[in-house]
Each structure stands twice: as structure tokens, then as C-alpha cells.
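For reference, the structure is listed below as C-alpha cells.
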Amino acid sequence: MKGQELISTTKQNSIKIECDVFLGFDNQQNNYSIKNNILIKNSETITYQYNNLGLGKITRVDFQNPLQIVVFYKNFNTVVLLDNQLNEIKKIDFNLKSTPVTLEAVALSSQNQIWIYDSISSKIGLYNVNTDTFKWISTMLENPILHYESDYTHFYWTDINLNLYRISIYGTIEKLVILPKFEAIQLTKSNNLIYQIEHQLYYYDLTSKSSSKIAIDEKIISKFFFRDGILSIFTQNEITNYKIILP
């Protein structure tokens, strides 16, 4: 059910960027993108790059901790950890583990751990990058994961039936809500979310289960990203930043 309330925005600035995929900004306002399968980090003064074409296509990049960036290469079942200058800290090839694991989802957790979802067992676990050990924390999931996000203490996922769940690092699973259809989605810090459908953005309140349209100028949205009250819209080699106050 779409709410009638329109959430207004204030355009801040636009930034030219040449990339294939815009990923977003970290907490120090560095932006991340991918061009020709090379990960690029841009600050105001310097550009860093990470290139490992031997591992195939970059599937996902987690930069919520800019000092320990997690790069997931699904086709090679491999995770690479990078420092804040995109130097390689560690490469983890899950094909070489004694327990067979096929990674479907990877994200940063707390205490030198990364969240993993294994499509063989259909379980969520934590992998300690220091000790190279697994800890499975969920039972077998009923349905495949459609979309996932994480913070240090929780892993969130939407299944193919649009059910939104979260699991804590202690293994407690909660079913939060059934979501409206979406093409792209991002959780906000208040545990509500922004989603995109047909080049329009909506804010979704998990408590009231209502959607409110977000007012933006762009008619075509290649990617959106929200952080710290700034909504960034990527389209045609340009990022437009809007200030937005969510309910």
C-alpha cells in the first residue's frame, strides 16, 4: 500500500564519474565504483585501484569499515580483504577448505568475522578471518536469498517470497515483514528502508508497513545509495546528491 505522503529532498551537488557500477560512499565520503572490473576508491585528493582479473567478475564490495574492505568473487568462491588504500591484506579461497562451501553471500561482521551464506547447506555462518574457522549459526533456510545486507551485529536478507529476516551474531532469527516488490533496496540505520521500482524511489516504514514516494528529479536511476541523510543517485556518469530527512 503506497502512502500519500511525499518525502521532499534538497539537491546538494553533482559529481562526474566514469564507471560501470557506482557502489556508494563510506563514512569518510570516499566513493567506490567499478570500471572494467577494477575496484576504484576516490577521495577528494587521491584515487586508489584494486585489480585482480584472475578472480573473474567482482560480485560485491562491502566497505562499511574502510579499513577492512571485503571483495567477493562468487565465480571463484573467493573473498579478498583490502586495507584503506586497496592493498590486499588477505585472500581466502573457499574451494580449498576441508568443508565444501559454495558462497552465495558475503558481508563484514564484527570481531574479525565475515558473514557467509553457503548455498550447499543453505545455512548462514560466521567465518573468522584470523583463525580461518567457520561457525554455523542458522538452521537450513527454507527459500533462496534474493537480497542481503549486514551491519556488524546482524545479517538481513529477503527471500524470493519477499520476506525480510534478520539474524544476530548469536543466531537469533527474526522475521520482520513482507516487503513490496522492488528492483533495488537498501536498509536505513533506523531499520526501515528505501526501495526502487520502475525508476521511482520509495521510503518504506517497517512498523506501519507503508510506502512514501521520494521526490527526485531523475527520470532514470542506474543506482541509488543512502548514507547519513544523503541520497545519492547515479545516472549517466554522474552522481547527484540530495539531502533527505526521513520520517
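Identifiers in this document derive from the order of the C-alpha cells: chains are assigned A, B, ..., residues are numbered from 1 separately in each chain, and ligands are numbered from 1 in order of occurrence.
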Requested in this report: Extract the full set of strand (DSSP E or B) residues from segment 114-166 of chain A according to DSSP on the backbone, and format it as a count of residues only.
Outcome: 31
Shell around segment 222-228 of chain A at 8 Å using only C-alpha atoms, local window under 4 positions removed, as an mmCIF file with N, CA, C and O atoms, in the first residue's frame:
```
data_model
loop_
_atom_site.group_PDB
_atom_site.id
_atom_site.type_symbol
_atom_site.label_atom_id
_atom_site.label_comp_id
_atom_site.auth_asym_id
_atom_site.auth_seq_id
_atom_site.Cartn_x
_atom_site.Cartn_y
_atom_site.Cartn_z
ATOM 1 N N PHE A 22 28.377 2.201 -9.901
ATOM 2 C CA PHE A 22 28.607 3.048 -8.735
ATOM 3 C C PHE A 22 28.160 2.271 -7.506
ATOM 4 O O PHE A 22 27.056 1.745 -7.451
ATOM 5 N N LEU A 23 29.043 2.200 -6.487
ATOM 6 C CA LEU A 23 28.752 1.396 -5.304
ATOM 7 C C LEU A 23 28.243 2.228 -4.137
ATOM 8 O O LEU A 23 27.356 1.801 -3.402
ATOM 9 N N GLY A 24 28.834 3.413 -3.918
ATOM 10 C CA GLY A 24 28.386 4.255 -2.809
ATOM 11 C C GLY A 24 29.532 4.950 -2.119
ATOM 12 O O GLY A 24 30.675 4.972 -2.622
ATOM 13 N N PHE A 25 29.228 5.534 -0.943
ATOM 14 C CA PHE A 25 30.200 6.308 -0.171
ATOM 15 C C PHE A 25 30.451 5.632 1.170
ATOM 16 O O PHE A 25 29.539 5.046 1.754
ATOM 17 N N GLN A 186 17.678 -0.759 -0.107
ATOM 18 C CA GLN A 186 18.733 -0.517 0.881
ATOM 19 C C GLN A 186 18.098 -0.195 2.228
ATOM 20 O O GLN A 186 17.204 0.650 2.318
ATOM 21 N N THR A 188 17.969 1.461 5.925
ATOM 22 C CA THR A 188 18.499 2.659 6.558
ATOM 23 C C THR A 188 18.858 2.313 8.000
ATOM 24 O O THR A 188 18.504 1.244 8.494
ATOM 25 N N SER A 232 22.171 9.472 -2.773
ATOM 26 C CA SER A 232 22.977 9.640 -3.991
ATOM 27 C C SER A 232 22.339 8.851 -5.125
ATOM 28 O O SER A 232 22.045 7.666 -4.977
ATOM 29 N N ILE A 233 22.126 9.536 -6.241
ATOM 30 C CA ILE A 233 21.533 8.913 -7.424
ATOM 31 C C ILE A 233 22.587 8.887 -8.524
ATOM 32 O O ILE A 233 23.134 9.926 -8.892
ATOM 33 N N PHE A 234 22.860 7.702 -9.060
ATOM 34 C CA PHE A 234 23.827 7.580 -10.149
ATOM 35 C C PHE A 234 23.068 7.376 -11.453
ATOM 36 O O PHE A 234 22.217 6.501 -11.568
ATOM 37 N N THR A 235 23.401 8.212 -12.433
ATOM 38 C CA THR A 235 22.811 8.063 -13.759
ATOM 39 C C THR A 235 23.729 8.721 -14.783
ATOM 40 O O THR A 235 24.207 9.837 -14.566
ATOM 41 N N GLN A 236 24.030 8.020 -15.856
ATOM 42 C CA GLN A 236 24.788 8.572 -16.989
ATOM 43 C C GLN A 236 26.075 9.285 -16.550
ATOM 44 O O GLN A 236 26.277 10.470 -16.835
#
```
Report task. Compile the contact shell of Lys57 of chain A as number ranges by chain: residues with an atom at most 8 Å away, counting only C-alpha atoms, same-chain residues fewer than 2 positions apart removed. Result -> A: 37, 53, 55, 59, 73-75
Please identify which residues in segment 30-125 of chain A DSSP calls helix (DSSP H, G or I) from the backbone, and express them as a CSV table (one decimal) with C-alpha atoms, in the first residue's frame.
```
chain,number,residue,atom,x,y,z
A,53,LEU,CA,41.2,-10.0,-13.1
A,54,GLY,CA,42.3,-13.6,-12.4
A,55,LEU,CA,39.4,-14.0,-10.0
A,74,LYS,CA,31.4,-15.5,-6.5
A,75,ASN,CA,32.6,-17.3,-9.6
A,76,PHE,CA,35.8,-18.3,-8.0
A,94,PHE,CA,36.9,-21.3,-0.1
A,95,ASN,CA,37.5,-24.0,-2.6
A,96,LEU,CA,40.5,-25.1,-0.5
```
Compile a residue-level contact table for segment 54-122 of chain A against segment 157-173 of chain A at a cut-off of 10 Å, reporting for every qualifying residue the shortest atom pair and its distance in Å to one decimal, with only C-alpha atoms counted, rows ordered by chain and ascending number, as CSV.
```
residue,atom,partner,partner_atom,distance
A:Ala105,CA,A:Trp157,CA,9.8
A:Ser109,CA,A:Ile169,CA,8.2
A:Ser110,CA,A:Ile169,CA,8.5
A:Gln113,CA,A:Ile169,CA,9.8
A:Trp115,CA,A:Ile169,CA,8.9
```
With N, CA and C atoms retained, export the selected residues as a tab-separated table (two decimals), in the first residue's frame.
```
chain	number	residue	atom	x	y	z
A	105	ALA	N	26.55	-15.48	-0.42
A	105	ALA	CA	26.50	-14.15	0.18
A	105	ALA	C	27.71	-13.98	1.11
A	109	SER	N	31.24	-8.66	9.29
A	109	SER	CA	30.62	-8.73	10.60
A	109	SER	C	31.58	-8.11	11.61
A	110	SER	N	31.45	-8.47	12.89
A	110	SER	CA	32.30	-7.89	13.93
A	110	SER	C	33.40	-8.87	14.33
A	113	GLN	N	35.30	-11.16	11.81
A	113	GLN	CA	34.48	-12.19	11.20
A	113	GLN	C	33.78	-11.64	9.97
A	115	TRP	N	30.23	-12.48	7.56
A	115	TRP	CA	29.01	-13.26	7.35
A	115	TRP	C	29.17	-14.06	6.07
```
Report task. Extract, using only C-alpha atoms, all DNA, RNA and protein residues at most 7 Å from Asp93 of chain A, discarding same-chain residues fewer than 3 positions from it, and format them as a list of chain:residue names. Result -> A:Asn77, A:Thr78, A:Val79, A:Leu96
Report task. Considering only C-alpha atoms, state which residue in the set A:Asp151, A:Glu44, A:Asp217, A:Asp118 is at the smallest distance from Asn31 of chain A. Result -> A:Glu44
Query raised in the report: Which is closer to Ile194 of chain A than all the others in A:Leu246, A:Ile221, A:Val177, A:Val80, using only C-alpha atoms?
Result: A:Leu246
Query raised in the report: Which of these residues is nearest to Tyr127 of chain A, using only C-alpha atoms: A:Val71, A:Leu103, A:Leu179, A:Ile58?
Result: A:Leu103
Query - Who sits within 10 Å of Ile245 of chain A, only C-alpha atoms, same chain under 6 positions skipped, as an NGL selection string - result: :A and (7-10 or 228-231)
Which polymer residues have any atom within 10 Å of an atom of Tyr202 of chain A, counting only C-alpha atoms, with same-chain residues fewer than 2 positions away left out, as a PDB file with N, CA, C and O atoms, in the first residue's frame?
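What follows is the written file out15.pdb:
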```
ATOM      1  N   LYS A   2       0.749   2.069  -1.012  1.00  0.00           N
ATOM      2  CA  LYS A   2       1.546   3.283  -1.114  1.00  0.00           C
ATOM      3  C   LYS A   2       0.946   4.382  -0.239  1.00  0.00           C
ATOM      4  O   LYS A   2      -0.255   4.645  -0.304  1.00  0.00           O
ATOM      5  N   GLY A   3       1.798   4.993   0.604  1.00  0.00           N
ATOM      6  CA  GLY A   3       1.331   6.105   1.404  1.00  0.00           C
ATOM      7  C   GLY A   3       1.204   7.358   0.546  1.00  0.00           C
ATOM      8  O   GLY A   3       1.809   7.467  -0.503  1.00  0.00           O
ATOM      9  N   LEU A   6       4.545  12.578   0.533  1.00  0.00           N
ATOM     10  CA  LEU A   6       5.689  12.729  -0.360  1.00  0.00           C
ATOM     11  C   LEU A   6       6.875  13.218   0.459  1.00  0.00           C
ATOM     12  O   LEU A   6       6.757  14.207   1.185  1.00  0.00           O
ATOM     13  N   ILE A   7       7.982  12.527   0.360  1.00  0.00           N
ATOM     14  CA  ILE A   7       9.180  12.922   1.100  1.00  0.00           C
ATOM     15  C   ILE A   7      10.023  13.826   0.210  1.00  0.00           C
ATOM     16  O   ILE A   7      10.443  13.434  -0.884  1.00  0.00           O
ATOM     17  N   PHE A 182      10.315  -4.971  -5.401  1.00  0.00           N
ATOM     18  CA  PHE A 182      11.360  -3.970  -5.612  1.00  0.00           C
ATOM     19  C   PHE A 182      12.349  -4.461  -6.659  1.00  0.00           C
ATOM     20  O   PHE A 182      12.471  -5.662  -6.909  1.00  0.00           O
ATOM     21  N   ILE A 185      17.088  -2.185  -3.349  1.00  0.00           N
ATOM     22  CA  ILE A 185      16.643  -1.895  -1.989  1.00  0.00           C
ATOM     23  C   ILE A 185      17.849  -1.614  -1.109  1.00  0.00           C
ATOM     24  O   ILE A 185      18.943  -2.139  -1.359  1.00  0.00           O
ATOM     25  N   LEU A 193      13.630   1.227   5.265  1.00  0.00           N
ATOM     26  CA  LEU A 193      14.381   1.024   4.025  1.00  0.00           C
ATOM     27  C   LEU A 193      13.898   1.935   2.911  1.00  0.00           C
ATOM     28  O   LEU A 193      12.812   2.529   2.972  1.00  0.00           O
ATOM     29  N   ILE A 194      14.752   2.046   1.892  1.00  0.00           N
ATOM     30  CA  ILE A 194      14.433   2.737   0.648  1.00  0.00           C
ATOM     31  C   ILE A 194      14.449   1.691  -0.452  1.00  0.00           C
ATOM     32  O   ILE A 194      15.341   0.842  -0.482  1.00  0.00           O
ATOM     33  N   TYR A 195      13.446   1.731  -1.323  1.00  0.00           N
ATOM     34  CA  TYR A 195      13.474   0.777  -2.426  1.00  0.00           C
ATOM     35  C   TYR A 195      13.128   1.465  -3.746  1.00  0.00           C
ATOM     36  O   TYR A 195      12.542   2.542  -3.771  1.00  0.00           O
ATOM     37  N   GLN A 196      13.549   0.829  -4.825  1.00  0.00           N
ATOM     38  CA  GLN A 196      13.338   1.357  -6.172  1.00  0.00           C
ATOM     39  C   GLN A 196      12.461   0.404  -6.960  1.00  0.00           C
ATOM     40  O   GLN A 196      12.632  -0.808  -6.916  1.00  0.00           O
ATOM     41  N   ILE A 197      11.495   0.984  -7.656  1.00  0.00           N
ATOM     42  CA  ILE A 197      10.711   0.216  -8.624  1.00  0.00           C
ATOM     43  C   ILE A 197      10.372   1.148  -9.779  1.00  0.00           C
ATOM     44  O   ILE A 197       9.913   2.268  -9.565  1.00  0.00           O
ATOM     45  N   GLN A 200      11.538   4.836  -9.773  1.00  0.00           N
ATOM     46  CA  GLN A 200      10.982   5.684  -8.721  1.00  0.00           C
ATOM     47  C   GLN A 200      11.434   5.132  -7.370  1.00  0.00           C
ATOM     48  O   GLN A 200      11.536   3.916  -7.194  1.00  0.00           O
ATOM     49  N   TYR A 204      10.121   2.997   2.911  1.00  0.00           N
ATOM     50  CA  TYR A 204       9.195   2.008   3.478  1.00  0.00           C
ATOM     51  C   TYR A 204       9.400   1.929   4.981  1.00  0.00           C
ATOM     52  O   TYR A 204      10.505   1.695   5.458  1.00  0.00           O
ATOM     53  N   ASP A 205       8.315   2.130   5.712  1.00  0.00           N
ATOM     54  CA  ASP A 205       8.329   2.060   7.175  1.00  0.00           C
ATOM     55  C   ASP A 205       7.939   0.644   7.592  1.00  0.00           C
ATOM     56  O   ASP A 205       6.823   0.190   7.309  1.00  0.00           O
ATOM     57  N   SER A 210       4.063   0.904   5.396  1.00  0.00           N
ATOM     58  CA  SER A 210       3.577   1.851   4.391  1.00  0.00           C
ATOM     59  C   SER A 210       4.740   2.433   3.597  1.00  0.00           C
ATOM     60  O   SER A 210       5.851   2.574   4.107  1.00  0.00           O
ATOM     61  N   SER A 211       4.462   2.772   2.335  1.00  0.00           N
ATOM     62  CA  SER A 211       5.457   3.346   1.439  1.00  0.00           C
ATOM     63  C   SER A 211       5.155   4.813   1.182  1.00  0.00           C
ATOM     64  O   SER A 211       3.992   5.189   1.024  1.00  0.00           O
ATOM     65  N   SER A 212       6.210   5.631   1.140  1.00  0.00           N
ATOM     66  CA  SER A 212       6.068   7.044   0.798  1.00  0.00           C
ATOM     67  C   SER A 212       7.015   7.351  -0.358  1.00  0.00           C
ATOM     68  O   SER A 212       8.183   6.980  -0.335  1.00  0.00           O
ATOM     69  N   LYS A 213       6.496   8.027  -1.356  1.00  0.00           N
ATOM     70  CA  LYS A 213       7.290   8.358  -2.541  1.00  0.00           C
ATOM     71  C   LYS A 213       8.338   9.405  -2.192  1.00  0.00           C
ATOM     72  O   LYS A 213       8.076  10.337  -1.418  1.00  0.00           O
ATOM     73  N   ILE A 214       9.531   9.257  -2.742  1.00  0.00           N
ATOM     74  CA  ILE A 214      10.612  10.227  -2.537  1.00  0.00           C
ATOM     75  C   ILE A 214      10.715  11.103  -3.779  1.00  0.00           C
ATOM     76  O   ILE A 214      10.817  10.599  -4.901  1.00  0.00           O
ATOM     77  N   ALA A 215      10.699  12.409  -3.583  1.00  0.00           N
ATOM     78  CA  ALA A 215      10.713  13.358  -4.702  1.00  0.00           C
ATOM     79  C   ALA A 215      12.145  13.585  -5.182  1.00  0.00           C
ATOM     80  O   ALA A 215      12.982  14.098  -4.447  1.00  0.00           O
TER      81      ALA A 215
END
```
